[in-house]
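K.L.:
Following this line is query_19.txt, made up of compact mmCIF, C-alpha atoms and all ligand atoms:
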```txt
# COMPACT_ATOMS: atom_id res chain seq x y z
CA MET A 1 -41.13 -8.33 -29.07
CA GLU A 2 -39.15 -10.95 -27.21
CA ILE A 3 -39.73 -14.65 -27.59
CA HIS A 4 -37.75 -16.13 -24.71
CA LYS A 5 -38.63 -13.84 -21.83
CA ILE A 6 -38.58 -15.05 -18.24
CA SER A 7 -42.06 -16.10 -17.21
CA ALA A 8 -43.78 -17.49 -14.14
CA ASN A 9 -46.67 -19.88 -13.70
CA LYS A 10 -49.67 -19.60 -11.41
CA PRO A 11 -52.38 -22.26 -11.14
CA TYR A 12 -55.55 -21.98 -13.19
CA VAL A 13 -58.45 -20.25 -11.49
CA VAL A 14 -60.72 -23.23 -10.81
CA SER A 15 -64.43 -23.14 -11.58
CA THR A 16 -67.11 -25.68 -10.80
CA ILE A 17 -70.31 -26.27 -12.66
CA ASN A 18 -72.34 -25.76 -9.48
CA GLU A 19 -71.52 -22.09 -9.49
CA ASP A 20 -74.05 -19.54 -10.62
CA THR A 21 -74.17 -19.06 -14.41
CA GLN A 22 -73.60 -15.32 -14.07
CA VAL A 23 -70.53 -15.90 -11.87
CA LEU A 24 -69.05 -18.26 -14.44
CA ARG A 25 -69.75 -15.89 -17.31
CA GLU A 26 -68.22 -12.95 -15.44
CA ARG A 27 -65.14 -15.00 -14.57
CA PHE A 28 -64.75 -15.98 -18.20
CA ASN A 29 -64.98 -12.35 -19.27
CA ASP A 30 -62.61 -11.27 -16.51
CA TRP A 31 -59.79 -13.84 -16.92
CA GLY A 32 -60.39 -14.86 -20.52
CA TYR A 33 -60.89 -18.51 -19.66
CA LEU A 34 -62.73 -21.01 -17.49
CA TYR A 35 -61.17 -24.16 -16.11
CA ILE A 36 -63.84 -26.59 -14.97
CA LYS A 37 -62.74 -29.65 -13.09
CA GLY A 38 -64.18 -33.04 -13.90
CA TYR A 39 -66.98 -31.79 -16.13
CA ILE A 40 -66.86 -34.58 -18.71
CA PRO A 41 -67.68 -38.03 -17.27
CA LEU A 42 -64.57 -40.21 -16.98
CA ALA A 43 -66.24 -43.00 -18.95
CA ASP A 44 -66.68 -40.63 -21.93
CA CYS A 45 -63.01 -39.64 -21.84
CA GLU A 46 -61.89 -43.21 -21.43
CA GLY A 47 -64.09 -44.42 -24.29
CA LEU A 48 -62.86 -41.74 -26.67
CA LEU A 49 -59.24 -42.22 -25.63
CA SER A 50 -59.51 -45.95 -26.34
CA ALA A 51 -61.00 -45.26 -29.76
CA VAL A 52 -58.26 -42.73 -30.58
CA LEU A 53 -55.52 -45.06 -29.34
CA ASN A 54 -56.91 -47.83 -31.47
CA GLU A 55 -56.13 -45.69 -34.51
CA CYS A 56 -52.68 -44.76 -33.16
CA ASP A 57 -51.54 -48.38 -32.98
CA PRO A 58 -48.69 -49.41 -33.37
CA TYR A 59 -47.12 -45.97 -32.83
CA ILE A 60 -48.79 -45.24 -29.50
CA ARG A 61 -50.16 -47.78 -27.04
CA ARG A 62 -51.19 -47.81 -23.40
CA ASN A 63 -48.49 -48.43 -20.78
CA ALA A 64 -48.93 -50.38 -17.53
CA SER A 65 -50.72 -47.36 -16.03
CA SER A 66 -53.07 -47.22 -19.03
CA LEU A 67 -51.59 -43.93 -20.23
CA PRO A 68 -50.59 -43.28 -23.86
CA HIS A 69 -47.03 -44.42 -24.49
CA LEU A 70 -44.83 -43.79 -27.54
CA GLU A 71 -43.66 -47.05 -29.08
CA GLY A 72 -41.38 -45.75 -31.83
CA GLN A 73 -40.19 -42.51 -33.33
CA PRO A 74 -41.57 -39.20 -32.05
CA PHE A 75 -43.70 -37.13 -34.43
CA PHE A 76 -45.73 -33.98 -34.54
CA GLU A 77 -48.64 -32.59 -36.53
CA THR A 78 -47.90 -32.90 -40.31
CA ASP A 79 -45.17 -35.58 -39.92
CA PRO A 80 -45.79 -38.74 -42.01
CA ILE A 81 -46.91 -40.89 -39.04
CA TRP A 82 -49.31 -38.18 -37.93
CA ASP A 83 -50.68 -37.87 -41.48
CA GLU A 84 -51.21 -41.63 -41.52
CA ILE A 85 -53.17 -41.87 -38.27
CA TYR A 86 -54.96 -38.52 -38.23
CA PRO A 87 -57.54 -39.27 -40.97
CA LYS A 88 -58.46 -42.42 -39.02
CA ILE A 89 -58.98 -40.40 -35.85
CA GLN A 90 -60.97 -37.81 -37.78
CA SER A 91 -63.22 -40.57 -39.10
CA LEU A 92 -64.31 -41.61 -35.60
CA GLU A 93 -67.96 -40.83 -35.09
CA ALA A 94 -67.38 -40.75 -31.33
CA PHE A 95 -64.74 -38.05 -31.75
CA HIS A 96 -67.16 -35.64 -33.43
CA THR A 97 -70.28 -36.47 -31.44
CA PHE A 98 -68.30 -36.08 -28.19
CA PHE A 99 -68.77 -32.29 -28.56
CA HIS A 100 -72.45 -32.44 -29.41
CA GLN A 101 -73.64 -34.18 -26.25
CA GLN A 102 -76.24 -32.22 -24.33
CA HIS A 103 -74.05 -31.63 -21.25
CA VAL A 104 -71.29 -30.22 -23.47
CA LEU A 105 -73.76 -27.94 -25.24
CA ASN A 106 -75.09 -26.81 -21.86
CA LEU A 107 -71.64 -25.71 -20.76
CA MET A 108 -71.01 -23.90 -24.04
CA GLU A 109 -74.34 -22.16 -23.61
CA ILE A 110 -73.33 -20.87 -20.20
CA VAL A 111 -70.34 -19.14 -21.76
CA ALA A 112 -72.07 -18.05 -24.97
CA GLY A 113 -75.14 -16.73 -23.16
CA ALA A 114 -77.25 -18.20 -25.97
CA PRO A 115 -77.72 -21.55 -27.70
CA ALA A 116 -74.31 -22.64 -28.95
CA PHE A 117 -73.12 -23.43 -32.45
CA VAL A 118 -70.37 -26.07 -32.39
CA TYR A 119 -67.78 -25.56 -35.12
CA PRO A 120 -67.64 -28.52 -37.53
CA MET A 121 -63.84 -28.58 -37.23
CA LYS A 122 -62.76 -30.83 -34.36
CA MET A 123 -59.13 -31.24 -33.33
CA ALA A 124 -57.22 -34.06 -31.65
CA ARG A 125 -53.81 -33.18 -30.20
CA ILE A 126 -51.05 -35.74 -29.96
CA SER A 127 -48.01 -34.39 -28.17
CA THR A 128 -45.14 -36.85 -28.22
CA PRO A 129 -41.87 -36.60 -26.31
CA ARG A 130 -38.60 -35.77 -28.06
CA LYS A 131 -40.22 -33.08 -30.19
CA ILE A 132 -39.26 -30.12 -28.03
CA GLY A 133 -39.73 -26.88 -29.92
CA PHE A 134 -42.58 -28.29 -32.02
CA GLU A 135 -45.33 -27.79 -29.45
CA THR A 136 -48.17 -25.30 -30.06
CA PRO A 137 -46.72 -21.78 -29.85
CA PRO A 138 -48.54 -18.89 -28.14
CA HIS A 139 -51.47 -17.91 -30.32
CA GLN A 140 -55.02 -16.59 -30.36
CA ASP A 141 -57.78 -18.64 -31.91
CA ALA A 142 -59.36 -15.43 -33.22
CA HIS A 143 -56.46 -15.33 -35.67
CA SER A 144 -56.25 -19.02 -36.56
CA HIS A 145 -60.01 -19.38 -37.02
CA HIS A 146 -60.74 -15.87 -38.37
CA ALA A 147 -63.26 -15.55 -35.58
CA GLY A 148 -65.01 -12.76 -33.77
CA PRO A 149 -65.03 -12.02 -30.04
CA THR A 150 -67.85 -14.41 -29.14
CA MET A 151 -66.10 -17.53 -30.39
CA ALA A 152 -64.41 -19.68 -27.73
CA GLY A 153 -62.20 -22.76 -27.59
CA PHE A 154 -63.33 -25.92 -25.76
CA TRP A 155 -60.41 -28.17 -24.77
CA VAL A 156 -60.77 -31.50 -22.92
CA ALA A 157 -58.12 -33.66 -21.26
CA LEU A 158 -58.78 -37.31 -22.13
CA HIS A 159 -56.37 -38.53 -19.43
CA ASP A 160 -54.48 -36.99 -16.53
CA VAL A 161 -51.80 -34.61 -17.78
CA SER A 162 -48.77 -33.74 -15.63
CA GLU A 163 -46.37 -30.87 -16.27
CA ALA A 164 -43.82 -33.06 -18.06
CA MET A 165 -46.43 -34.29 -20.56
CA GLY A 166 -46.99 -30.81 -21.98
CA ARG A 167 -49.92 -28.95 -20.48
CA VAL A 168 -51.83 -26.09 -22.09
CA LYS A 169 -51.19 -22.72 -20.49
CA VAL A 170 -53.12 -19.50 -20.84
CA LEU A 171 -52.08 -15.87 -20.54
CA PRO A 172 -54.72 -14.49 -18.17
CA LYS A 173 -56.60 -11.37 -19.27
CA SER A 174 -54.74 -11.32 -22.58
CA HIS A 175 -58.09 -11.29 -24.41
CA ARG A 176 -58.60 -7.70 -23.33
CA LEU A 177 -56.05 -6.37 -25.79
CA GLY A 178 -57.74 -7.72 -28.90
CA VAL A 179 -56.17 -9.53 -31.83
CA ARG A 180 -52.38 -9.21 -31.92
CA PRO A 181 -49.78 -9.14 -34.66
CA VAL A 182 -48.34 -12.55 -35.55
CA PHE A 183 -45.13 -13.91 -36.98
CA ASN A 184 -44.09 -17.28 -38.34
CA THR A 185 -42.51 -19.77 -36.01
CA GLN A 186 -41.83 -23.49 -35.60
CA GLY A 187 -44.49 -25.74 -34.05
CA VAL A 188 -48.12 -26.69 -34.48
CA GLY A 189 -49.87 -24.06 -36.60
CA GLY A 190 -46.60 -22.33 -37.48
CA VAL A 191 -47.71 -18.94 -36.20
CA GLN A 192 -47.04 -17.13 -32.96
CA CYS A 193 -48.63 -13.94 -31.67
CA GLU A 194 -46.91 -11.10 -29.86
CA ILE A 195 -46.52 -11.26 -26.10
CA TYR A 196 -46.13 -7.88 -24.46
CA GLU A 197 -43.36 -6.91 -22.03
CA ASP A 198 -45.46 -6.99 -18.87
CA GLU A 199 -47.13 -10.33 -19.70
CA THR A 200 -44.93 -12.68 -17.75
CA THR A 201 -47.37 -14.70 -15.65
CA TRP A 202 -49.17 -17.66 -17.21
CA HIS A 203 -51.89 -19.83 -15.70
CA VAL A 204 -51.44 -23.59 -15.84
CA SER A 205 -52.05 -26.66 -13.64
CA ASP A 206 -51.75 -30.40 -13.86
CA VAL A 207 -55.13 -31.55 -15.14
CA GLU A 208 -57.21 -34.70 -14.80
CA ALA A 209 -59.24 -36.60 -17.34
CA GLY A 210 -62.55 -34.82 -17.89
CA ASP A 211 -61.28 -31.35 -16.99
CA VAL A 212 -62.36 -28.67 -19.47
CA LEU A 213 -60.57 -25.51 -20.44
CA ILE A 214 -62.62 -22.89 -22.27
CA PHE A 215 -60.77 -19.91 -23.68
CA HIS A 216 -61.93 -16.66 -25.24
CA SER A 217 -61.02 -16.27 -28.93
CA CYS A 218 -58.46 -13.58 -28.03
CA THR A 219 -56.91 -15.33 -25.04
CA VAL A 220 -53.30 -16.19 -25.76
CA HIS A 221 -52.53 -19.84 -25.02
CA LYS A 222 -49.82 -22.34 -25.84
CA ALA A 223 -48.66 -25.87 -25.10
CA GLU A 224 -45.72 -26.74 -22.89
CA PRO A 225 -43.14 -29.13 -24.33
CA ASN A 226 -43.51 -32.82 -23.62
CA THR A 227 -40.32 -33.52 -21.67
CA THR A 228 -41.07 -37.14 -20.74
CA SER A 229 -39.16 -39.97 -22.35
CA GLU A 230 -42.17 -42.03 -23.53
CA ALA A 231 -45.49 -40.50 -22.41
CA VAL A 232 -47.82 -39.02 -25.03
CA ARG A 233 -50.40 -36.35 -24.24
CA ILE A 234 -53.72 -36.73 -26.06
CA SER A 235 -56.49 -34.16 -25.83
CA VAL A 236 -59.37 -33.00 -28.01
CA ASP A 237 -60.80 -29.59 -28.72
CA THR A 238 -63.19 -27.61 -30.86
CA ARG A 239 -64.59 -24.10 -31.12
CA PHE A 240 -68.07 -22.77 -30.51
CA CYS A 241 -69.98 -19.50 -30.57
CA ASP A 242 -73.44 -18.15 -29.90
CA HIS A 243 -75.71 -19.49 -32.62
CA GLY A 244 -75.89 -16.99 -35.48
CA ALA A 245 -72.49 -15.34 -34.89
CA ALA A 246 -70.29 -15.11 -37.97
CA VAL A 247 -68.31 -18.29 -38.74
CA PHE A 248 -65.58 -18.26 -41.37
CA SER A 249 -65.96 -20.93 -44.04
CA THR A 250 -62.59 -22.65 -43.43
CA ASN A 251 -63.96 -23.88 -40.10
CA LEU A 252 -66.46 -26.01 -41.98
CA ASP A 253 -63.71 -28.29 -43.24
CA PRO A 254 -62.15 -31.20 -41.39
CA HIS A 255 -59.00 -30.25 -39.51
CA HIS A 256 -56.10 -30.67 -41.98
CA GLY A 257 -58.54 -31.49 -44.79
CA TRP A 258 -56.80 -28.68 -46.68
CA ARG A 259 -53.53 -30.66 -46.91
CA ILE A 260 -54.28 -34.38 -46.48
CA GLU A 261 -55.68 -35.83 -49.67
CA GLY A 262 -59.02 -37.59 -49.20
CA LEU A 263 -59.60 -36.14 -45.72
CA ASP A 264 -63.08 -34.81 -46.44
CA TRP A 265 -66.54 -35.20 -44.94
CA PRO A 266 -67.76 -37.98 -47.28
CA SER A 267 -64.78 -40.13 -46.31
CA ILE A 268 -65.06 -39.22 -42.62
CA TYR A 269 -68.79 -40.01 -42.57
CA SER A 270 -68.58 -43.22 -44.56
CA GLY A 271 -68.57 -45.54 -41.53
CA TRP A 272 -70.89 -43.63 -39.22
CA LYS A 273 -74.01 -45.26 -37.76
CA ASN A 274 -75.95 -42.05 -37.19
CA THR A 275 -76.30 -39.09 -39.55
CA GLN A 276 -77.54 -36.56 -36.99
CA CYS A 277 -74.18 -34.83 -36.52
CA GLN A 278 -73.34 -34.80 -40.23
CA TYR A 279 -73.51 -31.57 -42.27
CA TYR A 280 -75.52 -29.98 -39.45
CA TRP A 281 -74.12 -26.54 -40.39
CA ARG A 282 -75.50 -26.40 -43.91
CA ASP A 283 -78.28 -23.99 -43.00
CA TYR A 284 -76.20 -22.00 -40.52
CA PRO A 285 -77.14 -18.33 -40.92
CA GLY A 286 -73.75 -16.73 -40.14
CA LEU A 287 -71.36 -18.23 -42.70
CA PHE A 288 -68.94 -15.97 -44.53
O1 LIG B 1 -53.58 -28.99 -26.97
C1 LIG B 1 -52.71 -28.32 -27.51
O2 LIG B 1 -51.54 -28.70 -27.62
C2 LIG B 1 -53.01 -26.96 -28.07
C3 LIG B 1 -54.43 -26.61 -27.95
C4 LIG B 1 -54.68 -25.28 -28.57
O3 LIG B 1 -53.81 -24.49 -28.75
C5 LIG B 1 -56.00 -24.93 -29.01
O4 LIG B 1 -56.95 -25.67 -28.75
O5 LIG B 1 -56.14 -23.85 -29.63
```
Would you give me this structure, written as structure tokens?
P.N.:
Amino acid sequence: MEIHKISANKPYVVSTINEDTQVLRERFNDWGYLYIKGYIPLADCEGLLSAVLNECDPYIRRNASSLPHLEGQPFFETDPIWDEIYPKIQSLEAFHTFFHQQHVLNLMEIVAGAPAFVYPMKMARISTPRKIGFETPPHQDAHSHHAGPTMAGFWVALHDVSEAMGRVKVLPKSHRLGVRPVFNTQGVGGVQCEIYEDETTWHVSDVEAGDVLIFHSCTVHKAEPNTTSEAVRISVDTRFCDHGAAVFSTNLDPHHGWRIEGLDWPSIYSGWKNTQCQYYWRDYPGLF
């Protein structure tokens, strides 16, 4: 096992939603991911980004180009500033319902091959500069979410993301080797999986707002460091599976609800206008 091996990047294999469902599903099974350009309407991304940035004030604001800009000290997941703003982001109704819109469910269904179950746990990623070494290490969501082979990750860029801002890269075809051994490391999640000797080529591209990356539960993926001086990368993601597949109970909690006091569903839901997306998993048949 070697952590700092030489690696090369190739661009993502690009998919479009106009392609045949079977073609998309086969590509997902072949490469372990789908990258779909411009799937989420820009207005949706822009609206959610504004709502998230509202909660990040005064630590992150828009710059002259309207992109997220760090105003003070850098931070990463679990730092005090992050713990202060994250419950406010988690409380946004728009953040949760973003993943339950019909066009999002339709795309999940293409991959799942059946009606999709959206995991209750939704994640927002805030990657600030000057935190090199604290980005998300290579991992498999099958491990972090105790999930089976039909679970997948659904990641959305809320704004354009260039290489320097810290993109998400995937290890193509890595899902074929199943769930790997892990070891503790620095960075978001604190766990890294093994990368094998011949796995030296990653897939990654600059992405635009509204682009979607869907990865198989066993596909190894990681974040690049944010090497800018002030730009912040903000994205959102969740997990889904074919309805009825086993879902481990920890995924029913809010992200970081296990360590931030008061970050629970009653507090998250307290300001919502609509109850439709609340506790929707209570009768889910596959909980364990
Ligand atoms: O956006 C990131 O920094 C990491 C995303 C990720 O690893 C995930 O969604 O599992």
K.L.:
Suppose you want the space between atom CA of A:Ala157 and atom CA of A:Tyr39; what is it in Å?
P.N.:
10.4 Å
K.L.:
Hey, which residues sit close to ligand LIG 1 (chain B)? Say within 9 Å, counting only C-alpha atoms and all ligand atoms, and write them as a PyMOL selection string.
P.N.:
chain A and resi 123-127+135-141+144+153-157+166-169+188-189+215+220-224+233-239
K.L.:
For C-alpha atoms, I'd like the residues from the last selection saved as a PDB file, keeping the file's coordinate frame.
P.N.:
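Saved as result00.pdb:
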```
ATOM      1  CA  MET A 123     -59.130 -31.240 -33.330  1.00  0.00           C
ATOM      2  CA  ALA A 124     -57.220 -34.060 -31.650  1.00  0.00           C
ATOM      3  CA  ARG A 125     -53.810 -33.180 -30.200  1.00  0.00           C
ATOM      4  CA  ILE A 126     -51.050 -35.740 -29.960  1.00  0.00           C
ATOM      5  CA  SER A 127     -48.010 -34.390 -28.170  1.00  0.00           C
ATOM      6  CA  GLU A 135     -45.330 -27.790 -29.450  1.00  0.00           C
ATOM      7  CA  THR A 136     -48.170 -25.300 -30.060  1.00  0.00           C
ATOM      8  CA  PRO A 137     -46.720 -21.780 -29.850  1.00  0.00           C
ATOM      9  CA  PRO A 138     -48.540 -18.890 -28.140  1.00  0.00           C
ATOM     10  CA  HIS A 139     -51.470 -17.910 -30.320  1.00  0.00           C
ATOM     11  CA  GLN A 140     -55.020 -16.590 -30.360  1.00  0.00           C
ATOM     12  CA  ASP A 141     -57.780 -18.640 -31.910  1.00  0.00           C
ATOM     13  CA  SER A 144     -56.250 -19.020 -36.560  1.00  0.00           C
ATOM     14  CA  GLY A 153     -62.200 -22.760 -27.590  1.00  0.00           C
ATOM     15  CA  PHE A 154     -63.330 -25.920 -25.760  1.00  0.00           C
ATOM     16  CA  TRP A 155     -60.410 -28.170 -24.770  1.00  0.00           C
ATOM     17  CA  VAL A 156     -60.770 -31.500 -22.920  1.00  0.00           C
ATOM     18  CA  ALA A 157     -58.120 -33.660 -21.260  1.00  0.00           C
ATOM     19  CA  GLY A 166     -46.990 -30.810 -21.980  1.00  0.00           C
ATOM     20  CA  ARG A 167     -49.920 -28.950 -20.480  1.00  0.00           C
ATOM     21  CA  VAL A 168     -51.830 -26.090 -22.090  1.00  0.00           C
ATOM     22  CA  LYS A 169     -51.190 -22.720 -20.490  1.00  0.00           C
ATOM     23  CA  VAL A 188     -48.120 -26.690 -34.480  1.00  0.00           C
ATOM     24  CA  GLY A 189     -49.870 -24.060 -36.600  1.00  0.00           C
ATOM     25  CA  PHE A 215     -60.770 -19.910 -23.680  1.00  0.00           C
ATOM     26  CA  VAL A 220     -53.300 -16.190 -25.760  1.00  0.00           C
ATOM     27  CA  HIS A 221     -52.530 -19.840 -25.020  1.00  0.00           C
ATOM     28  CA  LYS A 222     -49.820 -22.340 -25.840  1.00  0.00           C
ATOM     29  CA  ALA A 223     -48.660 -25.870 -25.100  1.00  0.00           C
ATOM     30  CA  GLU A 224     -45.720 -26.740 -22.890  1.00  0.00           C
ATOM     31  CA  ARG A 233     -50.400 -36.350 -24.240  1.00  0.00           C
ATOM     32  CA  ILE A 234     -53.720 -36.730 -26.060  1.00  0.00           C
ATOM     33  CA  SER A 235     -56.490 -34.160 -25.830  1.00  0.00           C
ATOM     34  CA  VAL A 236     -59.370 -33.000 -28.010  1.00  0.00           C
ATOM     35  CA  ASP A 237     -60.800 -29.590 -28.720  1.00  0.00           C
ATOM     36  CA  THR A 238     -63.190 -27.610 -30.860  1.00  0.00           C
ATOM     37  CA  ARG A 239     -64.590 -24.100 -31.120  1.00  0.00           C
TER      38      ARG A 239
END
```
K.L.:
With all atoms listed in the file as the atoms that count, which of A:Leu107, A:Gly286, A:Gly190, A:Pro68 lies nearest to A:Leu34?
P.N.:
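Selected residue with least distance to A:Leu34: A:Leu107.
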K.L.:
Which one of A:Met108, A:Leu158, A:Ala231, A:Met151 sits closest to A:Ala43 if you count only C-alpha atoms?
P.N.:
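Closest to A:Ala43 of all the choices is A:Leu158.
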K.L.:
Which residues come within 7 Å of A:Ser174, counting all atoms listed in the file, excluding same-chain residues fewer than 4 positions away, as a PDB file with C-alpha atoms, in the coordinates of the input?
P.N.:
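As written to disk, around-v6.pdb reads:
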```pdb
ATOM      1  CA  GLY A  32     -60.390 -14.860 -20.520  1.00  0.00           C
ATOM      2  CA  CYS A 218     -58.460 -13.580 -28.030  1.00  0.00           C
ATOM      3  CA  THR A 219     -56.910 -15.330 -25.040  1.00  0.00           C
ATOM      4  CA  VAL A 220     -53.300 -16.190 -25.760  1.00  0.00           C
TER       5      VAL A 220
END
```
K.L.:
Can you pull out the residues contacting A:Thr275? Cut-off 12 Å, using all atoms listed in the file, and skip same-chain residues under 6 positions away; I want them as a list in words.
P.N.:
Glu93, His96, Thr97, Trp265, Pro266, Ile268 and Tyr269 of chain A
K.L.:
Between A:Ile89, A:Ala142, A:Ala94, A:Ile17, single out the one closest to A:Asp57, counting all atoms listed in the file.
P.N.:
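Smallest separation from A:Asp57 among the options: A:Ile89.
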K.L.:
Mind checking which residues fall within 9 Å of A:Gly244, counting all atoms listed in the file, ignoring those fewer than 3 positions away in the same chain, and posting them as a PyMOL selection string?
P.N.:
chain A and resi 116-117+241+247+284-287
K.L.:
Those residues you just picked out, can you put them in a file as a tab-separated table (two decimals), keeping the file's coordinate frame with C-alpha atoms?
P.N.:
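The result, written out as part.tsv:
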```tsv
chain	number	residue	atom	x	y	z
A	116	ALA	CA	-74.31	-22.64	-28.95
A	117	PHE	CA	-73.12	-23.43	-32.45
A	241	CYS	CA	-69.98	-19.50	-30.57
A	247	VAL	CA	-68.31	-18.29	-38.74
A	284	TYR	CA	-76.20	-22.00	-40.52
A	285	PRO	CA	-77.14	-18.33	-40.92
A	286	GLY	CA	-73.75	-16.73	-40.14
A	287	LEU	CA	-71.36	-18.23	-42.70
```
K.L.:
Can you work out the spacing between atom CA of A:Trp31 and atom CA of A:Phe134 in Å, to one decimal?
P.N.:
27.1 Å
K.L.:
Hey, which bits of stretch 206-254 of chain A sit within 12 Å of stretch 72-85 of chain A, and for each residue what's the closest pair of atoms and how far apart in Å (one decimal), counting all atoms listed in the file, rows by chain and increasing number, as a tab-separated table?
P.N.:
```
residue	atom	partner	partner_atom	distance
A:Pro225	CA	A:Phe76	CA	11.6
A:Asn226	CA	A:Pro74	CA	10.7
A:Thr227	CA	A:Pro74	CA	11.9
A:Thr228	CA	A:Pro74	CA	11.5
A:Ser229	CA	A:Pro74	CA	10.0
A:Glu230	CA	A:Pro74	CA	9.0
A:Ala231	CA	A:Pro74	CA	10.5
A:Val232	CA	A:Pro74	CA	9.4
A:Arg233	CA	A:Phe76	CA	11.6
A:Ile234	CA	A:Phe76	CA	12.0
```
K.L.:
Please determine, counting all atoms listed in the file, which residue among A:Pro115, A:Gly148, A:Gly187, A:Pro129 has the shortest atom-to-atom distance to A:Met165.
P.N.:
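Answer, going by the shortest atom-to-atom distance: A:Pro129.
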K.L.:
Measuring atom to atom with all atoms listed in the file, identify which of A:Arg27, A:Gln276, A:Asp160, A:Glu19 is nearest to A:Gly210.
P.N.:
A:Asp160
K.L.:
Counting only C-alpha atoms, figure out which residue out of A:Phe28, A:Phe240, A:Trp202, A:Tyr279 gets nearest to A:Pro172.
P.N.:
A:Trp202
K.L.:
As an MDAnalysis selection string, please: the residues near A:Gly38 (cut-off 9 Å, all atoms listed in the file, same-chain neighbours under 6 positions excluded).
P.N.:
chainID A and resid 16 208:212
K.L.:
Give me, please, the distance in Å between atom CA of A:Thr150 and atom CA of A:Pro181, quoted to one decimal.
P.N.:
19.6 Å
